[in-house]
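Visitor: Below is upload21.cif; it holds mmCIF, C-alpha atoms.
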```cif
data_final
loop_
_atom_site.label_atom_id
_atom_site.label_comp_id
_atom_site.auth_asym_id
_atom_site.auth_seq_id
_atom_site.Cartn_x
_atom_site.Cartn_y
_atom_site.Cartn_z
CA MET A 1 195.90 44.50 25.75
CA SER A 2 196.87 42.03 28.43
CA GLU A 3 195.86 43.54 31.76
CA SER A 4 193.72 40.95 33.51
CA ALA A 5 192.92 41.76 37.12
CA THR A 6 189.30 40.96 37.92
CA ILE A 7 186.95 43.69 39.07
CA LYS A 8 186.71 44.17 42.80
CA PRO A 9 183.29 44.67 44.37
CA GLN A 10 183.97 48.32 45.22
CA VAL A 11 183.76 49.24 41.55
CA ASN A 12 180.21 50.41 40.88
CA GLN A 13 179.11 48.33 37.89
CA SER A 14 176.24 50.66 37.09
CA LEU A 15 178.81 53.28 36.16
CA PHE A 16 180.50 51.30 33.43
CA LEU A 17 177.92 48.82 32.15
CA PRO A 18 176.14 51.52 30.07
CA PHE A 19 179.33 51.90 28.05
CA PHE A 20 178.97 48.33 26.77
CA GLU A 21 175.75 49.10 24.97
CA SER A 22 176.66 52.60 23.90
CA THR A 23 179.87 51.37 22.26
CA ARG A 24 178.01 48.67 20.35
CA GLU A 25 175.22 51.05 19.39
CA VAL A 26 177.37 53.95 18.22
CA LEU A 27 179.76 51.86 16.13
CA SER A 28 176.93 49.86 14.61
CA MET A 29 174.62 52.77 13.81
CA MET A 30 177.17 55.38 12.83
CA ALA A 31 179.89 53.25 11.22
CA GLY A 32 178.24 49.94 10.36
CA ILE A 33 180.80 48.13 12.50
CA GLU A 34 179.73 45.16 14.60
CA VAL A 35 181.60 45.06 17.88
CA LYS A 36 182.30 42.34 20.40
CA VAL A 37 182.76 43.53 23.95
CA GLY A 38 184.96 41.47 26.26
CA LYS A 39 185.07 41.00 30.00
CA PRO A 40 185.88 44.25 31.81
CA TYR A 41 188.74 44.44 34.26
CA LYS A 42 190.14 46.93 36.70
CA LYS A 43 193.01 48.86 35.22
CA ARG A 44 196.37 48.49 36.88
CA PRO A 45 200.00 48.76 35.75
CA PRO A 46 201.59 48.02 33.38
CA PHE A 47 199.29 50.19 31.29
CA ASN A 48 198.46 49.47 27.68
CA TYR A 49 199.80 51.66 24.92
CA TYR A 50 197.50 53.31 22.42
CA ASP A 51 197.94 55.58 19.39
CA VAL A 52 194.58 57.35 19.31
CA THR A 53 192.39 58.24 22.28
CA GLY A 54 189.26 60.35 22.55
CA GLN A 55 188.37 61.48 26.07
CA ILE A 56 185.21 62.95 27.55
CA ASN A 57 185.03 64.36 31.06
CA PHE A 58 181.95 63.94 33.24
CA TYR A 59 180.75 66.37 35.89
CA GLY A 60 177.67 66.72 38.05
CA ASP A 61 176.54 63.71 40.09
CA VAL A 62 179.45 61.75 38.64
CA VAL A 63 182.97 62.94 37.97
CA GLY A 64 185.77 61.44 35.95
CA VAL A 65 186.67 60.59 32.41
CA ALA A 66 185.79 58.04 29.76
CA SER A 67 188.36 57.25 27.09
CA VAL A 68 187.96 55.53 23.74
CA CYS A 69 191.41 54.07 23.12
CA MET A 70 192.68 52.54 19.90
CA LEU A 71 195.84 51.43 18.14
CA GLY A 72 196.65 53.36 14.99
CA ASP A 73 195.59 51.01 12.20
CA THR A 74 192.37 50.08 13.98
CA ALA A 75 191.57 53.71 14.65
CA ASP A 76 192.25 54.70 11.05
CA GLN A 77 189.81 52.14 9.74
CA ILE A 78 187.11 52.84 12.32
CA ILE A 79 187.38 56.57 11.64
CA GLU A 80 187.24 55.98 7.89
CA ARG A 81 183.99 54.04 8.30
CA PHE A 82 182.58 56.64 10.68
CA ALA A 83 183.45 59.64 8.52
CA CYS A 84 182.73 57.79 5.25
CA THR A 85 186.02 59.05 3.90
CA LYS A 86 189.70 58.30 4.41
CA LEU A 87 191.13 60.79 6.89
CA GLU A 88 194.81 61.31 7.55
CA ARG A 89 195.83 60.83 11.16
CA GLY A 90 196.99 64.13 12.65
CA THR A 91 194.69 66.31 10.57
CA GLY A 92 191.98 68.43 12.13
CA GLU A 93 189.29 66.34 10.44
CA TYR A 94 190.69 63.13 11.92
CA THR A 95 190.90 64.63 15.40
CA ASP A 96 187.37 65.94 15.06
CA ALA A 97 186.04 62.50 14.08
CA VAL A 98 187.77 60.80 17.03
CA GLY A 99 186.33 63.39 19.37
CA GLU A 100 182.83 63.00 18.01
CA LEU A 101 183.05 59.21 18.34
CA ALA A 102 184.07 59.57 21.99
CA ASN A 103 181.33 62.16 22.51
CA MET A 104 178.64 59.86 21.18
CA ILE A 105 179.79 56.80 23.14
CA SER A 106 179.96 58.77 26.39
CA GLY A 107 176.83 60.77 25.73
CA SER A 108 174.86 57.68 24.86
CA ALA A 109 176.11 55.91 28.00
CA LYS A 110 175.29 58.94 30.14
CA LYS A 111 171.57 58.58 29.68
CA ASN A 112 171.72 55.12 31.26
CA LEU A 113 173.86 56.06 34.24
CA GLY A 114 170.78 57.06 36.20
CA VAL A 115 172.36 60.26 37.46
CA ASN A 116 172.26 63.93 36.64
CA ALA A 117 175.55 64.39 34.81
CA SER A 118 176.99 66.53 32.07
CA ILE A 119 179.85 65.98 29.68
CA THR A 120 182.52 68.23 28.26
CA THR A 121 183.59 68.67 24.67
CA PRO A 122 186.18 66.00 23.73
CA ASN A 123 189.91 65.91 24.17
CA VAL A 124 191.91 63.85 21.66
CA ILE A 125 195.36 62.34 22.19
CA LEU A 126 197.40 61.22 19.17
CA GLY A 127 200.77 59.47 19.16
CA ARG A 128 201.95 56.51 21.23
CA HIS A 129 200.72 57.03 24.78
CA THR A 130 199.26 55.46 27.88
CA VAL A 131 196.23 56.72 29.75
CA VAL A 132 197.15 56.99 33.41
CA PRO A 133 194.08 56.90 35.64
CA SER A 134 193.54 59.16 38.62
CA SER A 135 194.38 57.37 41.85
CA ALA A 136 191.16 58.77 43.33
CA VAL A 137 188.80 57.14 40.82
CA PRO A 138 188.69 53.42 39.96
CA CYS A 139 189.27 52.75 36.27
CA VAL A 140 187.59 49.89 34.44
CA VAL A 141 188.84 48.76 31.05
CA ILE A 142 186.22 47.39 28.67
CA PRO A 143 188.04 45.55 25.91
CA GLY A 144 186.39 45.54 22.51
CA SER A 145 187.11 44.01 19.16
CA CYS A 146 185.83 44.57 15.65
CA PRO A 147 186.88 43.42 12.18
CA PHE A 148 189.57 46.12 12.20
CA GLY A 149 191.22 45.06 15.44
CA GLU A 150 191.01 45.59 19.17
CA PHE A 151 190.21 48.74 21.12
CA ALA A 152 189.31 49.64 24.68
CA ILE A 153 186.88 51.87 26.51
CA GLU A 154 188.44 53.02 29.78
CA VAL A 155 185.86 54.29 32.22
CA SER A 156 187.13 56.14 35.25
CA ILE A 157 184.12 57.82 36.82
CA LYS A 158 182.68 57.83 40.33
CA LEU A 159 179.57 59.08 42.08
CA VAL A 160 179.97 62.37 43.87
CA SER A 161 179.39 62.03 47.60
CA GLY A 162 175.78 62.70 48.45
CA SER A 163 174.37 61.87 45.01
CA SER A 164 171.98 58.94 44.95
CA GLY A 165 172.36 57.93 41.33
CA GLY A 166 173.66 54.80 39.67
CA ARG A 167 171.24 52.07 38.76
CA MET D 1 165.18 73.08 -2.57
CA LEU D 2 165.55 72.90 1.21
CA ASN D 3 167.67 75.62 2.75
CA ILE D 4 169.28 74.08 5.84
CA LEU D 5 171.59 75.33 8.59
CA LEU D 6 173.61 72.67 10.41
CA VAL D 7 175.08 73.73 13.76
CA ASP D 8 177.51 71.29 15.35
CA ASP D 9 181.05 71.70 16.62
CA SER D 10 182.02 68.49 14.86
CA LYS D 11 182.71 68.89 11.17
CA THR D 12 182.46 65.12 10.86
CA MET D 13 178.96 65.15 12.33
CA ARG D 14 177.88 67.93 9.97
CA ALA D 15 179.16 65.83 7.06
CA VAL D 16 177.26 62.78 8.35
CA GLN D 17 174.08 64.85 8.65
CA ARG D 18 174.60 66.36 5.21
CA ARG D 19 174.99 62.96 3.59
CA ALA D 20 171.80 61.72 5.23
CA LEU D 21 169.74 64.81 4.39
CA GLU D 22 170.91 64.97 0.78
CA THR D 23 168.98 61.76 0.15
CA MET D 24 165.76 63.74 0.72
CA GLY D 25 166.30 65.74 -2.45
CA PRO D 26 168.01 68.97 -3.45
CA CYS D 27 169.36 70.81 -0.41
CA SER D 28 171.42 73.91 0.18
CA PHE D 29 173.55 73.74 3.33
CA SER D 30 175.03 76.40 5.55
CA GLU D 31 177.12 75.35 8.53
CA ALA D 32 178.27 76.71 11.87
CA GLY D 33 180.56 75.23 14.54
CA ASP D 34 178.97 76.89 17.59
CA GLY D 35 176.03 79.02 18.66
CA GLU D 36 177.75 82.35 18.11
CA GLU D 37 178.75 81.44 14.58
CA ALA D 38 175.22 80.20 13.93
CA LEU D 39 173.72 83.55 14.96
CA SER D 40 176.13 85.26 12.61
CA VAL D 41 175.18 82.93 9.75
CA ILE D 42 171.47 83.46 10.46
CA GLY D 43 171.96 87.22 10.56
CA THR D 44 173.67 87.36 7.18
CA ALA D 45 171.68 84.66 5.38
CA GLY D 46 169.96 85.90 2.26
CA ALA D 47 166.93 83.65 2.66
CA PRO D 48 165.26 82.10 5.71
CA PHE D 49 166.22 78.54 6.56
CA ASP D 50 163.63 75.78 6.13
CA PHE D 51 165.00 74.30 9.34
CA ILE D 52 168.02 74.49 11.61
CA MET D 53 169.64 71.40 13.13
CA ILE D 54 171.40 72.20 16.41
CA ASP D 55 173.82 70.25 18.59
CA TRP D 56 173.59 70.79 22.36
CA ASN D 57 177.17 70.66 23.62
CA MET D 58 179.29 73.18 21.76
CA PRO D 59 182.01 75.67 22.71
CA LYS D 60 181.37 79.44 22.96
CA MET D 61 177.57 79.15 22.91
CA ASP D 62 175.75 75.87 23.48
CA GLY D 63 172.72 74.71 21.56
CA LEU D 64 170.16 75.44 24.25
CA THR D 65 171.31 79.06 24.51
CA LEU D 66 171.25 79.31 20.73
CA VAL D 67 167.65 78.05 20.63
CA LYS D 68 166.61 80.68 23.19
CA LYS D 69 168.41 83.42 21.26
CA ILE D 70 166.78 82.44 17.98
CA ARG D 71 163.33 82.29 19.59
CA GLU D 72 163.70 85.83 20.92
CA THR D 73 163.16 87.09 17.39
CA ASN D 74 162.05 84.12 15.32
CA LYS D 75 159.13 81.96 16.38
CA THR D 76 158.61 80.11 13.12
CA THR D 77 161.79 78.53 11.74
CA PRO D 78 161.72 74.85 12.73
CA LEU D 79 164.55 73.93 15.09
CA ILE D 80 165.69 70.34 15.54
CA MET D 81 168.02 69.49 18.41
CA CYS D 82 170.41 66.70 17.36
CA THR D 83 172.44 65.63 20.37
CA THR D 84 173.65 62.86 22.65
CA GLU D 85 171.68 64.51 25.47
CA ALA D 86 168.97 61.89 25.69
CA GLU D 87 167.62 62.24 29.23
CA LYS D 88 163.93 63.12 29.40
CA SER D 89 164.68 66.22 31.47
CA ARG D 90 166.94 67.53 28.70
CA VAL D 91 164.36 66.88 26.01
CA VAL D 92 161.74 68.76 28.05
CA GLU D 93 164.17 71.61 28.64
CA ALA D 94 164.88 71.90 24.93
CA ILE D 95 161.21 71.82 23.98
CA LYS D 96 160.43 74.51 26.55
CA ALA D 97 163.21 76.60 25.01
CA GLY D 98 161.58 76.32 21.62
CA VAL D 99 162.83 73.31 19.65
CA ASN D 100 160.29 71.65 17.40
CA ASN D 101 161.81 68.18 17.38
CA TYR D 102 164.60 66.15 18.89
CA ALA D 103 167.01 63.63 17.31
CA ILE D 104 169.27 61.61 19.54
CA LYS D 105 172.81 60.64 18.54
CA PRO D 106 173.64 58.00 17.47
CA PHE D 107 171.08 57.86 14.71
CA THR D 108 170.53 56.04 11.46
CA PRO D 109 170.06 58.18 8.35
CA GLU D 110 166.46 56.97 8.23
CA THR D 111 165.78 58.18 11.76
CA LEU D 112 167.24 61.60 11.05
CA ILE D 113 165.22 61.99 7.85
CA ASP D 114 162.11 60.86 9.67
CA ARG D 115 162.59 63.57 12.30
CA VAL D 116 163.05 66.19 9.60
CA LYS D 117 159.96 65.09 7.70
CA GLN D 118 157.88 65.10 10.91
CA THR D 119 159.11 68.57 11.69
CA LEU D 120 158.48 70.01 8.25
CA ALA D 121 155.03 68.41 8.06
CA LYS D 122 154.02 70.10 11.32
CA ALA D 123 155.58 73.40 10.30
CA LYS D 124 153.73 73.59 6.98
CA PRO D 125 149.98 73.01 7.07
CA ALA D 126 148.72 70.57 4.43
CA GLY D 127 148.23 72.30 1.11
CA ALA D 128 150.44 75.23 2.01
#
```
So, in terms of structure tokens, how does the structure I just supplied come out?
Guide:
Amino acid sequence: MSESATIKPQVNQSLFLPFFESTREVLSMMAGIEVKVGKPYKKRPPFNYYDVTGQINFYGDVVGVASVCMLGDTADQIIERFACTKLERGTGEYTDAVGELANMISGSAKKNLGVNASITTPNVILGRHTVVPSSAVPCVVIPGSCPFGEFAIEVSIKLVSGSSGGR
Amino acid sequence: MLNILLVDDSKTMRAVQRRALETMGPCSFSEAGDGEEALSVIGTAGAPFDFIMIDWNMPKMDGLTLVKKIRETNKTTPLIMCTTEAEKSRVVEAIKAGVNNYAIKPFTPETLIDRVKQTLAKAKPAGA
């Protein structure tokens, strides 16, 4: 996780700052995991590789996607704490837990975006992959760490023209 | 024994809710992964549920639609919306549709139990 470009002013901070608190809150309350959130940066190539990603799409006054991205061992341990049982990667139960984690982080952040937005049911990606952002929407990477390793929240959402939201 | 229906498209979330609610005492759980399945479970249940916990965002039939469908024929079973939808406008919308209480994800087990106890206390008059 070595991308390090600083955030340019055109990135609307109000659209990704809520993910800081929601990530901390969800992992603490639902999994008993204390999280440290690092300095966010604008995503640009070369992209990081992940093994487990849960994605939630936003629509309404904001559009885009938020991704909870993890390496395999870190994901396995976070999911075990969240589900209170050891789940095998690749099973339906594991995929379900990753999706629900992404759903709660995005849903919890949504309430603090200050806009009228909705979210979709989650999409989960397993296996070594990168998350390639849309060229039309700036993507901010929020690096996080916990006792089980590092992870990232990648937020690629923007206000729809004409909406007045974003705090 | 509490007879409970959990409606959430996440099996993990239903398990988390079950673990929390089991600490209240003996419970019997039925589960559904979406609104349509929930209506089917309600229609074939042998006994009425003491309460139904309902997620908002689900495939096939969302939680708000499910609440409205249930309230067309059943005004009494307590309904608790348990969701990430935390905006005030959503809470108001759900209450207008007929939910009795609202629990926001993420939650601690204590918070969830508190919501259930509040709901059941209001649903059953003292001494009933």
Visitor: Write out as a PDB file with C-alpha atoms, in the frame of the given file every residue belonging to chain D that has an atom at most 8 Å from any atom of chain A, counting only C-alpha atoms.
Guide:
```pdb
ATOM      1  CA  SER D  10     182.020  68.490  14.860  1.00  0.00           C
ATOM      2  CA  LYS D  11     182.710  68.890  11.170  1.00  0.00           C
ATOM      3  CA  THR D  12     182.460  65.120  10.860  1.00  0.00           C
ATOM      4  CA  MET D  13     178.960  65.150  12.330  1.00  0.00           C
ATOM      5  CA  ALA D  15     179.160  65.830   7.060  1.00  0.00           C
ATOM      6  CA  VAL D  16     177.260  62.780   8.350  1.00  0.00           C
ATOM      7  CA  ASN D  57     177.170  70.660  23.620  1.00  0.00           C
ATOM      8  CA  MET D  58     179.290  73.180  21.760  1.00  0.00           C
ATOM      9  CA  PRO D  59     182.010  75.670  22.710  1.00  0.00           C
ATOM     10  CA  THR D  84     173.650  62.860  22.650  1.00  0.00           C
ATOM     11  CA  GLU D  85     171.680  64.510  25.470  1.00  0.00           C
ATOM     12  CA  ALA D  86     168.970  61.890  25.690  1.00  0.00           C
ATOM     13  CA  GLU D  87     167.620  62.240  29.230  1.00  0.00           C
ATOM     14  CA  LYS D 105     172.810  60.640  18.540  1.00  0.00           C
ATOM     15  CA  PRO D 106     173.640  58.000  17.470  1.00  0.00           C
ATOM     16  CA  PHE D 107     171.080  57.860  14.710  1.00  0.00           C
ATOM     17  CA  THR D 108     170.530  56.040  11.460  1.00  0.00           C
TER      18      THR D 108
END
```
Visitor: Excluding same-chain residues fewer than 4 positions from A:Ile125, what lies within 7 Å of it counting all atoms listed in the file, as JSON, numbers by chain?
Guide: {"A": [52, 53, 54]}
Visitor: The PyMOL selection byres ((chain D and resi 89-98) around 12) - which residues does that actually catch in the file I just gave you? List them as a PyMOL selection string.
Guide: (chain A and resi 111+114-118) or (chain D and resi 54-57+62-88+99-104)
Visitor: Can you tell me how far atom CA of A:Glu154 sits from atom CA of A:Lys86, in Å to one decimal?
Guide: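 Atom CA of A:Glu154 sits 25.9 Å away from atom CA of A:Lys86.
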Visitor: For A:His129, work out the shell of residues within 8 Å, counting only C-alpha atoms and skipping chain neighbours fewer than 4 positions away, then give it as a ChimeraX atom specification.
Guide: /A:49-51,125
Visitor: Could you expand the PyMOL selection byres ((chain D and resi 6) around 9) into the explicit residues it covers here, written as a VMD selection string?
Guide: chain D and resid 4 to 5 7 to 8 14 17 to 18 29 to 33 38 51 to 55
Visitor: Would you mind reading off the distance between atom CA of A:Asp76 and atom CA of A:Gln55, one decimal, in Å?
Guide: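 Distance reported for this atom pair: 16.9 Å.
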Visitor: Please expand the PyMOL selection byres ((chain A and resi 146) around 8) into the concrete residues it hits in this file, giving the result as a ChimeraX atom specification.
Guide: /A:33-36,144-145,147-150
Visitor: Can you find the residues with an atom no farther than 8 Å from (171.2, 69.6, 2.6), counting all atoms listed in the file, and report them as a list in words?
Guide: Leu2, Asn3, Ile4, Arg18, Arg19, Leu21, Glu22, Pro26, Cys27, Ser28 and Phe29 of chain D
Visitor: Write a file of the selected residues as a short mmCIF file (atom, residue, chain, number, x, y, z; two decimals), in the coordinates of the input, keeping C-alpha atoms.
Guide:
```cif
data_model
loop_
_atom_site.label_atom_id
_atom_site.label_comp_id
_atom_site.auth_asym_id
_atom_site.auth_seq_id
_atom_site.Cartn_x
_atom_site.Cartn_y
_atom_site.Cartn_z
CA LEU D 2 165.55 72.90 1.21
CA ASN D 3 167.67 75.62 2.75
CA ILE D 4 169.28 74.08 5.84
CA ARG D 18 174.60 66.36 5.21
CA ARG D 19 174.99 62.96 3.59
CA LEU D 21 169.74 64.81 4.39
CA GLU D 22 170.91 64.97 0.78
CA PRO D 26 168.01 68.97 -3.45
CA CYS D 27 169.36 70.81 -0.41
CA SER D 28 171.42 73.91 0.18
CA PHE D 29 173.55 73.74 3.33
#
```
Visitor: By how many Å are atom CA of A:Asn123 and atom CA of A:Ile56 apart?
Guide: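 So the two atoms, atom CA of A:Asn123 and atom CA of A:Ile56, lie 6.5 Å apart.
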Visitor: Tell me which of A:Gly64, A:Gly90, A:Asn57, A:Pro143 sits closest to A:Leu159, counting all atoms listed in the file.
Guide: A:Gly64
Visitor: When you get a chance, write out N, CA and C atoms for stretch 89-124 of chain D, as a CSV table (one decimal), keeping the file's coordinate frame.
Guide:
```csv
chain,number,residue,atom,x,y,z
D,89,SER,N,164.6,64.8,31.0
D,89,SER,CA,164.7,66.2,31.5
D,89,SER,C,165.3,67.2,30.5
D,90,ARG,N,166.3,66.7,29.7
D,90,ARG,CA,166.9,67.5,28.7
D,90,ARG,C,166.0,67.8,27.5
D,91,VAL,N,165.3,66.7,27.1
D,91,VAL,CA,164.4,66.9,26.0
D,91,VAL,C,163.3,67.9,26.4
D,92,VAL,N,162.8,67.8,27.6
D,92,VAL,CA,161.7,68.8,28.0
D,92,VAL,C,162.3,70.2,28.1
D,93,GLU,N,163.5,70.3,28.6
D,93,GLU,CA,164.2,71.6,28.6
D,93,GLU,C,164.3,72.2,27.2
D,94,ALA,N,164.7,71.4,26.3
D,94,ALA,CA,164.9,71.9,24.9
D,94,ALA,C,163.5,72.3,24.3
D,95,ILE,N,162.5,71.5,24.5
D,95,ILE,CA,161.2,71.8,24.0
D,95,ILE,C,160.7,73.1,24.6
D,96,LYS,N,160.9,73.3,25.9
D,96,LYS,CA,160.4,74.5,26.6
D,96,LYS,C,161.2,75.7,26.0
D,97,ALA,N,162.4,75.5,25.6
D,97,ALA,CA,163.2,76.6,25.0
D,97,ALA,C,162.8,76.9,23.6
D,98,GLY,N,162.1,76.0,22.9
D,98,GLY,CA,161.6,76.3,21.6
D,98,GLY,C,161.9,75.4,20.5
D,99,VAL,N,162.5,74.2,20.8
D,99,VAL,CA,162.8,73.3,19.6
D,99,VAL,C,161.5,72.6,19.2
D,100,ASN,N,161.5,72.3,17.9
D,100,ASN,CA,160.3,71.6,17.4
D,100,ASN,C,160.4,70.1,17.4
D,101,ASN,N,161.6,69.6,17.4
D,101,ASN,CA,161.8,68.2,17.4
D,101,ASN,C,163.2,67.9,17.9
D,102,TYR,N,163.4,66.6,18.2
D,102,TYR,CA,164.6,66.2,18.9
D,102,TYR,C,165.1,64.9,18.3
D,103,ALA,N,166.4,64.8,17.8
D,103,ALA,CA,167.0,63.6,17.3
D,103,ALA,C,168.2,63.3,18.2
D,104,ILE,N,168.2,62.0,18.6
D,104,ILE,CA,169.3,61.6,19.5
D,104,ILE,C,170.4,60.9,18.8
D,105,LYS,N,171.6,61.3,19.1
D,105,LYS,CA,172.8,60.6,18.5
D,105,LYS,C,173.1,59.4,19.4
D,106,PRO,N,173.5,58.3,18.9
D,106,PRO,CA,173.6,58.0,17.5
D,106,PRO,C,172.3,57.8,16.8
D,107,PHE,N,172.3,58.0,15.5
D,107,PHE,CA,171.1,57.9,14.7
D,107,PHE,C,171.4,57.2,13.4
D,108,THR,N,170.4,56.6,12.8
D,108,THR,CA,170.5,56.0,11.5
D,108,THR,C,170.1,57.2,10.5
D,109,PRO,N,170.5,57.2,9.3
D,109,PRO,CA,170.1,58.2,8.4
D,109,PRO,C,168.5,58.2,8.3
D,110,GLU,N,167.9,57.0,8.3
D,110,GLU,CA,166.5,57.0,8.2
D,110,GLU,C,165.8,57.7,9.4
D,111,THR,N,166.3,57.5,10.6
D,111,THR,CA,165.8,58.2,11.8
D,111,THR,C,165.9,59.7,11.6
D,112,LEU,N,167.0,60.2,11.2
D,112,LEU,CA,167.2,61.6,11.0
D,112,LEU,C,166.3,62.2,10.0
D,113,ILE,N,166.1,61.5,8.9
D,113,ILE,CA,165.2,62.0,7.8
D,113,ILE,C,163.8,62.0,8.4
D,114,ASP,N,163.5,61.0,9.1
D,114,ASP,CA,162.1,60.9,9.7
D,114,ASP,C,161.8,62.1,10.6
D,115,ARG,N,162.8,62.4,11.4
D,115,ARG,CA,162.6,63.6,12.3
D,115,ARG,C,162.4,64.9,11.5
D,116,VAL,N,163.2,65.0,10.4
D,116,VAL,CA,163.0,66.2,9.6
D,116,VAL,C,161.7,66.2,8.9
D,117,LYS,N,161.3,65.1,8.4
D,117,LYS,CA,160.0,65.1,7.7
D,117,LYS,C,158.8,65.4,8.7
D,118,GLN,N,158.9,64.8,9.9
D,118,GLN,CA,157.9,65.1,10.9
D,118,GLN,C,157.8,66.6,11.2
D,119,THR,N,159.0,67.2,11.3
D,119,THR,CA,159.1,68.6,11.7
D,119,THR,C,158.6,69.5,10.6
D,120,LEU,N,158.9,69.2,9.4
D,120,LEU,CA,158.5,70.0,8.2
D,120,LEU,C,157.0,69.8,8.0
D,121,ALA,N,156.5,68.6,8.2
D,121,ALA,CA,155.0,68.4,8.1
D,121,ALA,C,154.2,69.2,9.1
D,122,LYS,N,154.7,69.3,10.3
D,122,LYS,CA,154.0,70.1,11.3
D,122,LYS,C,154.2,71.6,11.1
D,123,ALA,N,155.3,72.0,10.5
D,123,ALA,CA,155.6,73.4,10.3
D,123,ALA,C,154.8,74.0,9.1
D,124,LYS,N,154.5,73.1,8.1
D,124,LYS,CA,153.7,73.6,7.0
D,124,LYS,C,152.4,72.9,6.9
```
